[in-house]
$ cat upload_10.txt   # compact mmCIF, C-alpha atoms
# COMPACT_ATOMS: atom_id res chain seq x y z
CA MET A 9 0.00 0.00 0.00
CA LEU A 10 2.86 2.37 0.78
CA LEU A 11 4.46 1.59 -2.59
CA LEU A 12 1.19 2.21 -4.43
CA GLY A 13 0.66 5.43 -2.50
CA ASN A 14 4.06 6.73 -3.54
CA LEU A 15 3.72 5.67 -7.17
CA SER A 16 0.33 7.34 -7.50
CA ALA A 17 0.31 10.76 -9.15
CA GLY A 18 -2.42 11.92 -6.76
CA GLU A 19 -5.00 14.19 -8.32
CA LYS A 20 -7.01 13.40 -11.45
CA LYS A 21 -4.91 13.89 -14.59
CA ILE A 22 -5.69 15.97 -17.66
CA ASP A 23 -7.03 13.48 -20.19
CA THR A 24 -8.00 15.60 -23.21
CA ARG A 25 -5.99 17.83 -25.49
CA VAL A 26 -5.97 21.61 -25.01
CA GLU A 27 -7.47 23.35 -28.03
CA SER A 28 -5.61 26.08 -29.91
CA LEU A 29 -7.96 29.06 -29.44
CA TYR A 30 -5.69 32.11 -29.31
CA SER A 31 -2.05 33.19 -29.52
CA VAL A 32 0.32 33.95 -26.64
CA THR A 33 0.03 37.66 -27.43
CA ASP A 34 -3.77 37.58 -27.21
CA PRO A 35 -5.16 39.20 -24.02
CA GLN A 36 -7.27 36.08 -23.49
CA TYR A 37 -4.13 33.96 -23.20
CA LEU A 38 -2.81 36.26 -20.48
CA ARG A 39 -6.15 36.14 -18.69
CA SER A 40 -6.05 32.35 -18.78
CA MET A 41 -2.51 32.28 -17.44
CA GLY A 42 -3.22 34.77 -14.66
CA VAL A 43 -6.75 33.78 -13.64
CA LEU A 44 -7.56 30.24 -14.78
CA LEU A 45 -4.18 28.67 -14.04
CA GLY A 46 -1.87 30.70 -11.89
CA PRO A 47 -1.11 33.75 -9.79
CA THR A 48 -1.60 37.30 -10.98
CA ILE A 49 0.66 38.55 -13.76
CA ILE A 50 2.38 41.53 -12.15
CA GLU A 51 3.85 44.51 -13.99
CA GLY A 52 6.99 46.42 -13.09
CA ASN A 53 9.77 43.83 -12.91
CA THR A 54 13.28 43.41 -14.21
CA VAL A 55 14.76 39.97 -14.87
CA LYS A 56 18.49 39.34 -15.27
CA HIS A 57 19.76 36.16 -16.88
CA LEU A 58 22.77 34.53 -15.22
CA GLU A 59 24.71 31.95 -17.24
CA ASN A 60 26.53 29.10 -15.50
CA GLY A 61 28.03 29.05 -12.04
CA VAL A 62 30.61 31.68 -12.86
CA GLU A 63 27.79 34.25 -12.93
CA ILE A 64 25.12 32.50 -10.85
CA PHE A 65 26.90 31.78 -7.58
CA PRO A 66 28.59 35.19 -7.13
CA ALA A 67 25.24 36.95 -7.70
CA MET A 68 23.43 34.71 -5.19
CA LEU A 69 26.19 34.99 -2.58
CA GLU A 70 26.34 38.77 -3.02
CA ALA A 71 22.60 39.00 -2.47
CA ILE A 72 22.84 36.82 0.65
CA GLY A 73 25.66 39.02 1.96
CA SER A 74 23.52 42.14 1.45
CA ALA A 75 20.58 40.80 3.50
CA ARG A 76 19.45 43.01 6.37
CA LYS A 77 16.19 41.38 7.52
CA THR A 78 15.34 38.01 5.99
CA ILE A 79 16.62 35.21 3.75
CA THR A 80 14.38 32.39 2.56
CA PHE A 81 16.01 29.61 0.57
CA GLU A 82 14.49 26.42 -0.87
CA THR A 83 16.37 23.99 -3.07
CA TYR A 84 16.48 20.38 -4.18
CA ILE A 85 20.19 19.68 -4.68
CA TYR A 86 22.53 20.74 -1.86
CA TRP A 87 25.69 18.65 -1.74
CA SER A 88 29.02 18.92 0.04
CA GLY A 89 31.96 20.60 -1.65
CA ASP A 90 33.36 24.09 -2.06
CA ILE A 91 30.08 25.69 -3.20
CA GLY A 92 28.11 24.01 -0.41
CA LYS A 93 30.58 25.33 2.18
CA ARG A 94 30.50 28.86 0.76
CA PHE A 95 26.72 29.00 0.92
CA ALA A 96 26.65 27.54 4.44
CA GLU A 97 29.18 30.10 5.63
CA ALA A 98 27.34 32.99 3.98
CA LEU A 99 23.99 31.96 5.46
CA ARG A 100 25.48 31.41 8.90
CA GLU A 101 27.25 34.77 8.85
CA ARG A 102 24.00 36.60 8.08
CA ALA A 103 22.12 34.70 10.79
CA GLN A 104 24.76 35.67 13.35
CA ALA A 105 24.33 39.29 12.22
CA GLY A 106 20.67 39.14 13.21
CA VAL A 107 19.09 38.30 9.84
CA LYS A 108 16.26 35.77 10.02
CA VAL A 109 17.45 32.92 7.77
CA HIS A 110 15.17 30.03 6.77
CA VAL A 111 16.46 27.15 4.65
CA LEU A 112 14.28 24.35 3.26
CA LEU A 113 16.17 21.42 1.71
CA ASP A 114 14.65 18.41 0.04
CA TRP A 115 15.53 15.31 2.06
CA VAL A 116 16.43 13.23 -1.03
CA GLY A 117 18.16 16.05 -2.94
CA SER A 118 20.35 16.96 0.03
CA ALA A 119 21.23 13.36 0.97
CA LYS A 120 24.84 13.89 -0.17
CA MET A 121 25.25 16.92 2.08
CA ASP A 122 27.73 16.65 4.92
CA GLU A 123 25.83 16.74 8.23
CA ALA A 124 28.57 18.99 9.57
CA LEU A 125 27.40 21.74 7.20
CA LEU A 126 23.87 21.46 8.54
CA GLU A 127 25.09 21.63 12.12
CA GLU A 128 27.30 24.60 11.28
CA MET A 129 24.30 26.50 9.95
CA ARG A 130 22.01 25.53 12.82
CA LYS A 131 24.57 26.46 15.47
CA GLY A 132 24.96 29.81 13.72
CA GLY A 133 21.24 30.53 14.00
CA VAL A 134 20.03 29.36 10.59
CA GLU A 135 16.66 27.62 10.70
CA VAL A 136 17.10 24.52 8.52
CA GLU A 137 14.33 22.06 7.67
CA ARG A 138 14.33 18.92 5.49
CA TYR A 139 11.31 18.44 3.22
CA HIS A 140 9.54 15.08 3.54
CA LYS A 141 12.13 13.52 5.77
CA PRO A 142 10.96 9.93 6.40
CA HIS A 143 8.34 9.75 9.11
CA TRP A 144 5.44 7.39 9.63
CA LEU A 145 3.02 10.31 9.10
CA ASN A 146 4.22 10.99 5.54
CA LEU A 147 5.32 7.61 4.24
CA THR A 148 2.86 7.87 1.32
CA ARG A 149 4.46 11.18 0.28
CA MET A 150 8.04 9.92 0.04
CA ASN A 151 7.93 10.14 -3.75
CA ASN A 152 6.82 13.78 -3.59
CA ARG A 153 9.96 15.94 -3.53
CA THR A 154 10.40 19.69 -3.55
CA HIS A 155 12.30 20.39 -6.73
CA ARG A 156 11.81 24.17 -6.39
CA LYS A 157 14.83 26.44 -6.50
CA LEU A 158 14.08 29.72 -4.75
CA LEU A 159 16.19 32.32 -2.97
CA ILE A 160 14.52 35.49 -1.67
CA VAL A 161 16.46 38.23 0.12
CA ASP A 162 14.67 40.85 2.24
CA GLY A 163 11.52 40.15 0.21
CA GLN A 164 12.99 42.42 -2.48
CA VAL A 165 15.13 40.26 -4.76
CA GLY A 166 14.42 36.71 -5.92
CA PHE A 167 16.39 34.00 -7.71
CA THR A 168 15.12 30.95 -9.57
CA GLY A 169 16.26 28.65 -12.35
CA GLY A 170 17.91 25.28 -12.72
CA VAL A 171 21.03 25.46 -10.59
CA GLY A 172 21.71 23.26 -7.56
CA ILE A 173 24.16 23.94 -4.77
CA ALA A 174 27.00 21.65 -5.83
CA ASP A 175 30.40 21.93 -7.47
CA GLN A 176 29.08 20.46 -10.73
CA TRP A 177 27.45 23.83 -11.40
CA ASN A 178 30.57 25.85 -10.65
CA GLY A 179 32.70 27.35 -13.42
CA ASN A 180 31.58 28.12 -16.97
CA ALA A 181 30.59 24.73 -18.43
CA GLN A 182 34.20 24.50 -19.59
CA ASP A 183 34.47 20.69 -19.40
CA LYS A 184 32.57 17.49 -18.66
CA GLU A 185 32.77 18.06 -14.90
CA HIS A 186 31.07 21.47 -15.01
CA TRP A 187 27.46 21.70 -16.17
CA ARG A 188 25.65 24.15 -18.44
CA ASP A 189 22.77 25.91 -16.68
CA SER A 190 20.86 29.18 -16.36
CA HIS A 191 19.48 31.05 -13.37
CA PHE A 192 17.57 34.33 -13.06
CA MET A 193 17.60 37.28 -10.68
CA VAL A 194 14.35 39.22 -10.35
CA ARG A 195 13.58 42.59 -8.83
CA GLY A 196 10.13 44.12 -8.62
CA PRO A 197 6.66 43.31 -7.26
CA ALA A 198 6.68 39.72 -8.63
CA VAL A 199 9.22 38.82 -5.92
CA SER A 200 6.32 38.76 -3.46
CA GLU A 201 5.02 35.73 -5.38
CA PHE A 202 8.43 34.04 -4.98
CA GLN A 203 8.03 34.51 -1.23
CA ALA A 204 4.49 33.14 -1.27
CA VAL A 205 5.65 29.99 -3.10
CA PHE A 206 8.45 29.47 -0.58
CA LEU A 207 5.99 29.93 2.26
CA ASP A 208 3.72 27.26 0.78
CA ASN A 209 6.24 24.50 1.47
CA TRP A 210 7.66 26.12 4.60
CA ILE A 211 4.23 25.84 6.24
CA LYS A 212 3.92 22.22 5.08
CA ALA A 213 7.32 21.39 6.58
CA THR A 214 7.10 23.38 9.83
CA GLY A 215 3.54 24.56 10.43
CA ARG A 216 4.92 28.07 10.97
CA VAL A 217 3.76 31.14 9.04
CA LEU A 218 6.15 33.92 8.04
CA HIS A 219 4.05 36.97 7.25
CA SER A 220 5.50 40.23 8.58
CA GLU A 221 6.73 43.19 6.55
CA ASP A 222 10.22 41.72 6.77
CA TYR A 223 9.05 38.98 4.41
CA PHE A 224 6.40 40.84 2.40
CA PRO A 225 7.51 44.47 2.15
CA LYS A 226 6.01 47.02 -0.21
CA ILE A 227 7.99 46.64 -3.44
CA ASP A 228 8.40 49.49 -5.90
CA ASN A 229 8.51 48.92 -9.64
CA ALA A 230 11.98 47.97 -10.83
CA GLY A 231 11.35 47.69 -14.57
CA LYS A 232 8.65 47.13 -17.16
CA MET A 233 8.45 43.33 -17.49
CA PRO A 234 5.16 41.57 -16.66
CA ALA A 235 5.90 38.37 -14.74
CA GLN A 236 4.39 35.72 -12.49
CA MET A 237 5.74 32.94 -10.30
CA PHE A 238 3.94 29.76 -11.28
CA SER A 239 3.92 26.79 -8.89
CA SER A 240 2.54 23.27 -8.64
CA SER A 241 2.39 20.46 -6.09
CA PRO A 242 0.79 17.00 -5.90
CA THR A 243 -0.88 18.13 -2.66
CA GLY A 244 -2.75 20.87 -4.53
CA GLY A 245 -2.79 21.90 -8.18
CA SER A 246 -0.55 19.12 -9.46
CA GLU A 247 -1.80 19.58 -13.02
CA SER A 248 -1.40 23.37 -13.17
CA MET A 249 2.21 23.31 -14.46
CA HIS A 250 1.39 20.62 -17.00
CA LEU A 251 -1.61 22.64 -18.19
CA MET A 252 0.47 25.82 -18.38
CA TYR A 253 2.87 24.12 -20.80
CA LEU A 254 0.07 22.57 -22.85
CA LEU A 255 -1.82 25.88 -23.09
CA SER A 256 1.33 27.74 -24.15
CA ILE A 257 2.14 25.14 -26.81
CA ALA A 258 -1.46 25.28 -28.06
CA SER A 259 -1.21 29.09 -28.24
CA ALA A 260 2.02 29.11 -30.25
CA ARG A 261 1.73 30.52 -33.77
CA GLN A 262 5.36 31.02 -34.86
CA SER A 263 7.97 29.23 -32.79
CA ILE A 264 8.69 27.14 -29.72
CA LEU A 265 12.24 26.92 -28.38
CA LEU A 266 12.62 24.41 -25.57
CA SER A 267 15.74 23.78 -23.49
CA SER A 268 15.03 20.70 -21.41
CA SER A 269 17.51 18.79 -19.27
CA TYR A 270 15.03 15.92 -18.81
CA PHE A 271 12.65 15.64 -21.77
CA VAL A 272 10.23 12.73 -21.38
CA PRO A 273 6.94 14.00 -22.88
CA ASP A 274 3.69 12.19 -22.24
CA GLU A 275 1.14 11.48 -24.97
CA LEU A 276 -0.68 14.78 -24.43
CA ALA A 277 2.53 16.78 -24.76
CA ILE A 278 3.62 14.85 -27.84
CA ASN A 279 0.23 15.44 -29.48
CA ALA A 280 0.33 19.13 -28.59
CA LEU A 281 3.80 19.56 -30.12
CA VAL A 282 2.85 17.59 -33.24
CA GLU A 283 -0.29 19.65 -33.74
CA ALA A 284 1.70 22.85 -33.30
CA ALA A 285 4.17 21.68 -35.94
CA LYS A 286 1.26 20.93 -38.30
CA ARG A 287 0.04 24.54 -37.77
CA GLY A 288 3.41 25.72 -39.07
CA VAL A 289 5.05 26.40 -35.72
CA LYS A 290 8.82 25.97 -35.91
CA ILE A 291 9.87 23.83 -32.94
CA ARG A 292 13.40 23.19 -31.75
CA ILE A 293 14.32 21.25 -28.62
CA ILE A 294 17.72 20.96 -26.91
CA THR A 295 18.29 17.97 -24.63
CA PRO A 296 21.43 16.45 -23.07
CA GLY A 297 23.61 14.15 -25.10
CA GLU A 298 25.61 11.25 -23.70
CA ASP A 299 26.81 13.45 -20.84
CA ILE A 300 23.81 13.14 -18.53
CA ASP A 301 23.52 12.26 -14.86
CA ALA A 302 20.51 9.97 -15.42
CA SER A 303 21.01 7.76 -18.48
CA VAL A 304 17.61 6.08 -18.00
CA VAL A 305 15.97 9.45 -18.64
CA ARG A 306 17.87 9.90 -21.91
CA HIS A 307 16.85 6.39 -23.03
CA ALA A 308 13.20 6.99 -22.11
CA SER A 309 13.30 10.34 -23.90
CA ARG A 310 14.71 8.96 -27.15
CA ALA A 311 12.06 6.24 -27.23
CA ARG A 312 9.41 8.96 -27.67
CA TRP A 313 10.97 11.05 -30.43
CA GLY A 314 9.49 9.29 -33.46
CA GLU A 315 6.23 11.22 -33.91
CA LEU A 316 7.95 14.51 -33.11
CA LEU A 317 10.80 14.06 -35.59
CA GLU A 318 8.42 12.83 -38.29
CA ALA A 319 6.28 15.95 -37.79
CA GLY A 320 9.30 18.20 -38.36
CA VAL A 321 10.22 18.98 -34.76
CA VAL A 322 13.99 19.50 -34.47
CA ILE A 323 15.57 17.67 -31.54
CA ALA A 324 19.26 18.22 -30.84
CA GLU A 325 21.60 16.84 -28.18
CA TYR A 326 24.00 19.17 -26.39
CA GLN A 327 27.59 17.98 -26.78
CA PRO A 328 30.13 19.78 -24.52
CA THR A 329 28.83 18.74 -21.09
CA MET A 330 25.69 18.00 -19.06
CA PHE A 331 22.90 20.35 -20.20
CA HIS A 332 20.70 21.31 -17.23
CA CYS A 333 18.71 24.29 -18.56
CA LYS A 334 14.90 24.43 -18.31
CA ILE A 335 13.61 27.24 -20.53
CA MET A 336 10.70 27.54 -22.97
CA ILE A 337 10.32 30.50 -25.35
CA VAL A 338 7.06 30.84 -27.29
CA ASP A 339 6.61 33.17 -30.29
CA GLY A 340 9.44 35.44 -29.15
CA TYR A 341 7.23 36.76 -26.35
CA MET A 342 6.59 34.33 -23.50
CA VAL A 343 9.49 32.84 -21.52
CA SER A 344 9.00 30.20 -18.83
CA THR A 345 11.94 29.09 -16.72
CA GLY A 346 12.59 27.60 -13.32
CA SER A 347 12.79 24.14 -11.80
CA THR A 348 10.30 22.30 -14.04
CA ASN A 349 11.51 19.55 -16.34
CA PHE A 350 9.44 18.42 -19.32
CA ASP A 351 8.50 15.10 -17.75
CA ASN A 352 5.88 13.40 -15.61
CA ARG A 353 7.88 13.75 -12.40
CA SER A 354 7.85 17.54 -12.69
CA PHE A 355 4.29 17.74 -14.00
CA ARG A 356 2.68 15.42 -11.44
CA LEU A 357 5.01 14.21 -8.66
CA ASN A 358 7.30 17.05 -7.58
CA ASP A 359 6.70 20.50 -6.13
CA GLU A 360 7.88 22.89 -8.84
CA ALA A 361 8.14 26.64 -9.45
CA ASN A 362 8.52 28.49 -12.75
CA LEU A 363 8.97 32.16 -13.52
CA ASN A 364 6.89 33.28 -16.51
CA VAL A 365 7.91 36.52 -18.23
CA TYR A 366 5.86 38.19 -20.97
CA ASP A 367 8.26 40.54 -22.70
CA ALA A 368 9.58 40.56 -26.27
CA GLY A 369 12.91 42.12 -25.29
CA PHE A 370 13.64 39.48 -22.67
CA ALA A 371 12.49 36.73 -25.05
CA ALA A 372 14.93 38.07 -27.66
CA GLU A 373 17.76 37.92 -25.13
CA MET A 374 16.89 34.33 -24.22
CA THR A 375 16.52 33.38 -27.89
CA LYS A 376 20.10 34.56 -28.43
CA GLU A 377 21.22 32.29 -25.57
CA PHE A 378 19.27 29.40 -27.09
CA GLU A 379 20.99 29.91 -30.44
CA GLN A 380 24.41 29.86 -28.76
CA ASP A 381 23.53 26.57 -27.09
CA PHE A 382 22.02 25.14 -30.26
CA ALA A 383 25.29 25.78 -32.09
CA LYS A 384 26.88 23.26 -29.70
CA THR A 385 24.37 20.47 -30.34
CA ARG A 386 24.04 17.49 -32.64
CA PRO A 387 20.59 17.42 -34.29
CA ILE A 388 19.02 13.98 -34.68
CA THR A 389 17.14 13.28 -37.92
CA PHE A 390 14.13 11.00 -38.20
CA GLU A 391 16.16 8.62 -40.35
CA GLN A 392 18.94 8.45 -37.74
CA TRP A 393 16.41 7.81 -35.01
CA ARG A 394 14.54 5.14 -36.99
CA ASN A 395 17.77 3.34 -37.98
CA ARG A 396 19.40 3.29 -34.54
CA PRO A 397 20.71 -0.13 -33.40
CA TRP A 398 18.10 -2.60 -32.17
CA LYS A 399 19.84 -2.89 -28.80
CA GLU A 400 19.31 0.84 -28.26
CA LYS A 401 15.65 0.47 -29.19
CA VAL A 402 15.16 -2.30 -26.65
CA ILE A 403 16.86 -0.34 -23.84
CA GLU A 404 14.94 2.82 -24.75
CA HIS A 405 11.60 1.03 -24.85
CA ALA A 406 12.26 -0.60 -21.48
CA SER A 407 13.26 2.75 -19.99
CA SER A 408 10.16 4.38 -21.44
CA LEU A 409 7.99 2.02 -19.39
CA LEU A 410 9.23 3.92 -16.32
CA GLY A 411 8.06 7.21 -17.81
CA LYS A 412 5.46 7.92 -15.14
CA GLN A 413 8.23 8.03 -12.53
CA LEU A 414 10.79 10.00 -14.58
$ encode --input "upload_10.txt" --output "structure tokens"
Amino acid sequence: MLLLGNLSAGEKKIDTRVESLYSVTDPQYLRSMGVLLGPTIIEGNTVKHLENGVEIFPAMLEAIGSARKTITFETYIYWSGDIGKRFAEALRERAQAGVKVHVLLDWVGSAKMDEALLEEMRKGGVEVERYHKPHWLNLTRMNNRTHRKLLIVDGQVGFTGGVGIADQWNGNAQDKEHWRDSHFMVRGPAVSEFQAVFLDNWIKATGRVLHSEDYFPKIDNAGKMPAQMFSSSPTGGSESMHLMYLLSIASARQSILLSSSYFVPDELAINALVEAAKRGVKIRIITPGEDIDASVVRHASRARWGELLEAGVVIAEYQPTMFHCKIMIVDGYMVSTGSTNFDNRSFRLNDEANLNVYDAGFAAEMTKEFEQDFAKTRPITFEQWRNRPWKEKVIEHASSLLGKQL
């Protein structure tokens, strides 16, 4: 019974395709995104793209060092190593200076973390909690992990994206040991939604509510970008992220650019992408190549490429190192990025958070980044996929059977 409870996706799943009724630039699309599916789309933000650890970690550590009132931090991966120590020291230093520091780590994702780092933070005044640590009260939720990646400082600046706290993300993706990833720093009123998403899991883990002005201050406009922080969880709204992707694909009229570190689409997603391609939408997808930390995911992914490639979708494998980006750009206008992978685990089993930005200028900037990454890929043709060795087909088919858990 415990096994079945953990393998269950929870809420009722979407079982019909999402019709293509309007474009992503249509006001009705924005109303659907901000009212039907998610939180309010808030004006007045600025979003800065940070590429690889060489830019990401200094920006996050600088923000932590500037904290005067509060730090809230939720992440999946937190491992030992130089980066883990630097973050622990920075968080501890701020706590000792009187800043209220709250850290929420996924129990599975932080399993490789040295307990000494946890004790160092706790002794320094950092409040550290582990999400879904094994306990008889939550044994049926062991398969539900928080995959969210959120850092909020003084309720004024927020970070999200794909990066974990581990040395694999350090550097500039210069070799096989250093991964390619993107993270984003946000200023403006949308940061309050970052804080609300963090608080969602903090309450689940601790039962304590953080609600003073120190956490939710009045935030002045910092730019002109409309944005929202989209979230999902099996304990409430598990299908909202899945539906957000399906609705955005259905609303595409020109192009879809997808960077996906774990791309295992279900039948609905495959159908949505194929139908978009038939409408004339140009679709390109970047996934990891042989350098991937979960080979079963790559095998399961490749098993599902046939219909997509035959429909004209371009799928290309990143060559230099592990590709960990999670970014979708639709019609050069809508950008969605954060912790969500294009797979069932993200859509139905994990707690996820994505930043959606509706701005042509930002989309152009991210399209440029996509093109730079695409130049380092190896596109796979339908003929190559169809004629791959039979042993690969067998392994891929077997891996695909695990798709509901990947």
$ residues_around --input "upload_10.txt" --residues "Ile278 in chain A" --least-positions-apart "2" --cutoff "12 Å" --atoms "only C-alpha atoms" --output "number ranges by chain"
A: 25, 253-254, 257-258, 271-276, 280-285, 309, 312-319, 321, 350-351
$ write_last_selection --input "upload_10.txt" --atoms "C-alpha atoms" --output "compact mmCIF listing (two decimals), in the coordinates of the input"
# COMPACT_ATOMS: atom_id res chain seq x y z
CA ARG A 25 -5.99 17.83 -25.49
CA TYR A 253 2.87 24.12 -20.80
CA LEU A 254 0.07 22.57 -22.85
CA ILE A 257 2.14 25.14 -26.81
CA ALA A 258 -1.46 25.28 -28.06
CA PHE A 271 12.65 15.64 -21.77
CA VAL A 272 10.23 12.73 -21.38
CA PRO A 273 6.94 14.00 -22.88
CA ASP A 274 3.69 12.19 -22.24
CA GLU A 275 1.14 11.48 -24.97
CA LEU A 276 -0.68 14.78 -24.43
CA ALA A 280 0.33 19.13 -28.59
CA LEU A 281 3.80 19.56 -30.12
CA VAL A 282 2.85 17.59 -33.24
CA GLU A 283 -0.29 19.65 -33.74
CA ALA A 284 1.70 22.85 -33.30
CA ALA A 285 4.17 21.68 -35.94
CA SER A 309 13.30 10.34 -23.90
CA ARG A 312 9.41 8.96 -27.67
CA TRP A 313 10.97 11.05 -30.43
CA GLY A 314 9.49 9.29 -33.46
CA GLU A 315 6.23 11.22 -33.91
CA LEU A 316 7.95 14.51 -33.11
CA LEU A 317 10.80 14.06 -35.59
CA GLU A 318 8.42 12.83 -38.29
CA ALA A 319 6.28 15.95 -37.79
CA VAL A 321 10.22 18.98 -34.76
CA PHE A 350 9.44 18.42 -19.32
CA ASP A 351 8.50 15.10 -17.75
$ residues_around --input "upload_10.txt" --residues "range 51-54 of chain A" --least-positions-apart "4" --cutoff "7 Å" --atoms "all atoms listed in the file" --output "PDB file with C-alpha atoms, keeping the file's coordinate frame"
ATOM      1  CA  VAL A 194      14.350  39.220 -10.350  1.00  0.00           C
ATOM      2  CA  ARG A 195      13.580  42.590  -8.830  1.00  0.00           C
ATOM      3  CA  GLY A 196      10.130  44.120  -8.620  1.00  0.00           C
ATOM      4  CA  PRO A 197       6.660  43.310  -7.260  1.00  0.00           C
ATOM      5  CA  ALA A 198       6.680  39.720  -8.630  1.00  0.00           C
ATOM      6  CA  ASN A 229       8.510  48.920  -9.640  1.00  0.00           C
ATOM      7  CA  ALA A 230      11.980  47.970 -10.830  1.00  0.00           C
ATOM      8  CA  GLY A 231      11.350  47.690 -14.570  1.00  0.00           C
ATOM      9  CA  LYS A 232       8.650  47.130 -17.160  1.00  0.00           C
ATOM     10  CA  MET A 233       8.450  43.330 -17.490  1.00  0.00           C
ATOM     11  CA  PRO A 234       5.160  41.570 -16.660  1.00  0.00           C
ATOM     12  CA  ALA A 235       5.900  38.370 -14.740  1.00  0.00           C
TER      13      ALA A 235
END
$ closest_residue --input "upload_10.txt" --among "A:Ala361, A:Ala302, A:Ala75, A:Ala311" --to "Gln203 in chain A" --atoms "all atoms listed in the file"
A:Ala361
$ closest_residue --input "upload_10.txt" --among "A:Ser263, A:Asn152, A:Gln164, A:Thr329" --to "Arg76 in chain A" --atoms "all atoms listed in the file"
A:Gln164
$ closest_residue --input "upload_10.txt" --among "A:Arg39, A:Ala103, A:Arg156, A:Leu58" --to "Tyr84 in chain A" --atoms "only C-alpha atoms"
A:Arg156
$ residues_around --input "upload_10.txt" --residues "Gly172 in chain A" --least-positions-apart "6" --cutoff "9 Å" --atoms "all atoms listed in the file" --output "ChimeraX atom specification"
/A:83-87,157
$ closest_residue --input "upload_10.txt" --among "A:Thr214, A:Asp162, A:Thr33, A:Asp90" --to "Asp339 in chain A" --atoms "all atoms listed in the file"
A:Thr33
$ closest_atom_pairs --input "upload_10.txt" --of "range 190-230 of chain A" --to "range 370-386 of chain A" --cutoff "12 Å" --atoms "all atoms listed in the file" --output "tab-separated table"
residue	atom	partner	partner_atom	distance
A:Ser190	CA	A:Glu377	CA	9.7
A:His191	CA	A:Met374	CA	11.6
A:Phe192	CA	A:Met374	CA	11.2
$ closest_residue --input "upload_10.txt" --among "A:Leu69, A:Arg353, A:Leu158, A:Arg310" --to "Arg394 in chain A" --atoms "only C-alpha atoms"
A:Arg310
$ closest_residue --input "upload_10.txt" --among "A:Ser407, A:Ser344, A:Ser118, A:Thr154" --to "Val305 in chain A" --atoms "only C-alpha atoms"
A:Ser407
$ residues_around --input "upload_10.txt" --residues "Ser259 in chain A" --least-positions-apart "4" --cutoff "6 Å" --atoms "only C-alpha atoms" --output "compact mmCIF listing (two decimals) with C-alpha atoms, in the frame of the given file"
# COMPACT_ATOMS: atom_id res chain seq x y z
CA SER A 28 -5.61 26.08 -29.91
CA TYR A 30 -5.69 32.11 -29.31
CA SER A 31 -2.05 33.19 -29.52
CA VAL A 32 0.32 33.95 -26.64
$ build_atoms --input "upload_10.txt" --residues "range 170-179 of chain A" --atoms "N, CA, C and O atoms" --output "PDB file, in the coordinates of the input"
ATOM      1  N   GLY A 170      17.624  26.698 -12.757  1.00  0.00           N
ATOM      2  CA  GLY A 170      17.910  25.280 -12.720  1.00  0.00           C
ATOM      3  C   GLY A 170      19.036  24.855 -11.806  1.00  0.00           C
ATOM      4  O   GLY A 170      19.239  23.666 -11.587  1.00  0.00           O
ATOM      5  N   VAL A 171      19.783  25.801 -11.255  1.00  0.00           N
ATOM      6  CA  VAL A 171      21.030  25.460 -10.590  1.00  0.00           C
ATOM      7  C   VAL A 171      20.802  24.820  -9.218  1.00  0.00           C
ATOM      8  O   VAL A 171      19.885  25.173  -8.486  1.00  0.00           O
ATOM      9  N   GLY A 172      21.670  23.844  -8.891  1.00  0.00           N
ATOM     10  CA  GLY A 172      21.710  23.260  -7.560  1.00  0.00           C
ATOM     11  C   GLY A 172      22.959  23.736  -6.852  1.00  0.00           C
ATOM     12  O   GLY A 172      23.869  24.310  -7.460  1.00  0.00           O
ATOM     13  N   ILE A 173      23.004  23.505  -5.553  1.00  0.00           N
ATOM     14  CA  ILE A 173      24.160  23.940  -4.770  1.00  0.00           C
ATOM     15  C   ILE A 173      25.156  22.777  -4.701  1.00  0.00           C
ATOM     16  O   ILE A 173      25.134  21.933  -3.806  1.00  0.00           O
ATOM     17  N   ALA A 174      26.010  22.728  -5.716  1.00  0.00           N
ATOM     18  CA  ALA A 174      27.000  21.650  -5.830  1.00  0.00           C
ATOM     19  C   ALA A 174      28.087  22.102  -6.795  1.00  0.00           C
ATOM     20  O   ALA A 174      27.861  22.960  -7.667  1.00  0.00           O
ATOM     21  N   ASP A 175      29.259  21.513  -6.663  1.00  0.00           N
ATOM     22  CA  ASP A 175      30.400  21.930  -7.470  1.00  0.00           C
ATOM     23  C   ASP A 175      30.223  21.648  -8.956  1.00  0.00           C
ATOM     24  O   ASP A 175      30.902  22.256  -9.784  1.00  0.00           O
ATOM     25  N   GLN A 176      29.331  20.729  -9.310  1.00  0.00           N
ATOM     26  CA  GLN A 176      29.080  20.460 -10.730  1.00  0.00           C
ATOM     27  C   GLN A 176      28.603  21.703 -11.469  1.00  0.00           C
ATOM     28  O   GLN A 176      28.783  21.818 -12.679  1.00  0.00           O
ATOM     29  N   TRP A 177      27.962  22.612 -10.758  1.00  0.00           N
ATOM     30  CA  TRP A 177      27.450  23.830 -11.400  1.00  0.00           C
ATOM     31  C   TRP A 177      28.462  24.972 -11.369  1.00  0.00           C
ATOM     32  O   TRP A 177      28.202  26.040 -11.918  1.00  0.00           O
ATOM     33  N   ASN A 178      29.583  24.779 -10.723  1.00  0.00           N
ATOM     34  CA  ASN A 178      30.570  25.850 -10.650  1.00  0.00           C
ATOM     35  C   ASN A 178      31.258  26.021 -11.994  1.00  0.00           C
ATOM     36  O   ASN A 178      31.152  25.184 -12.881  1.00  0.00           O
ATOM     37  N   GLY A 179      31.971  27.129 -12.183  1.00  0.00           N
ATOM     38  CA  GLY A 179      32.700  27.350 -13.420  1.00  0.00           C
ATOM     39  C   GLY A 179      31.816  27.846 -14.549  1.00  0.00           C
ATOM     40  O   GLY A 179      30.758  28.429 -14.333  1.00  0.00           O
TER      41      GLY A 179
END
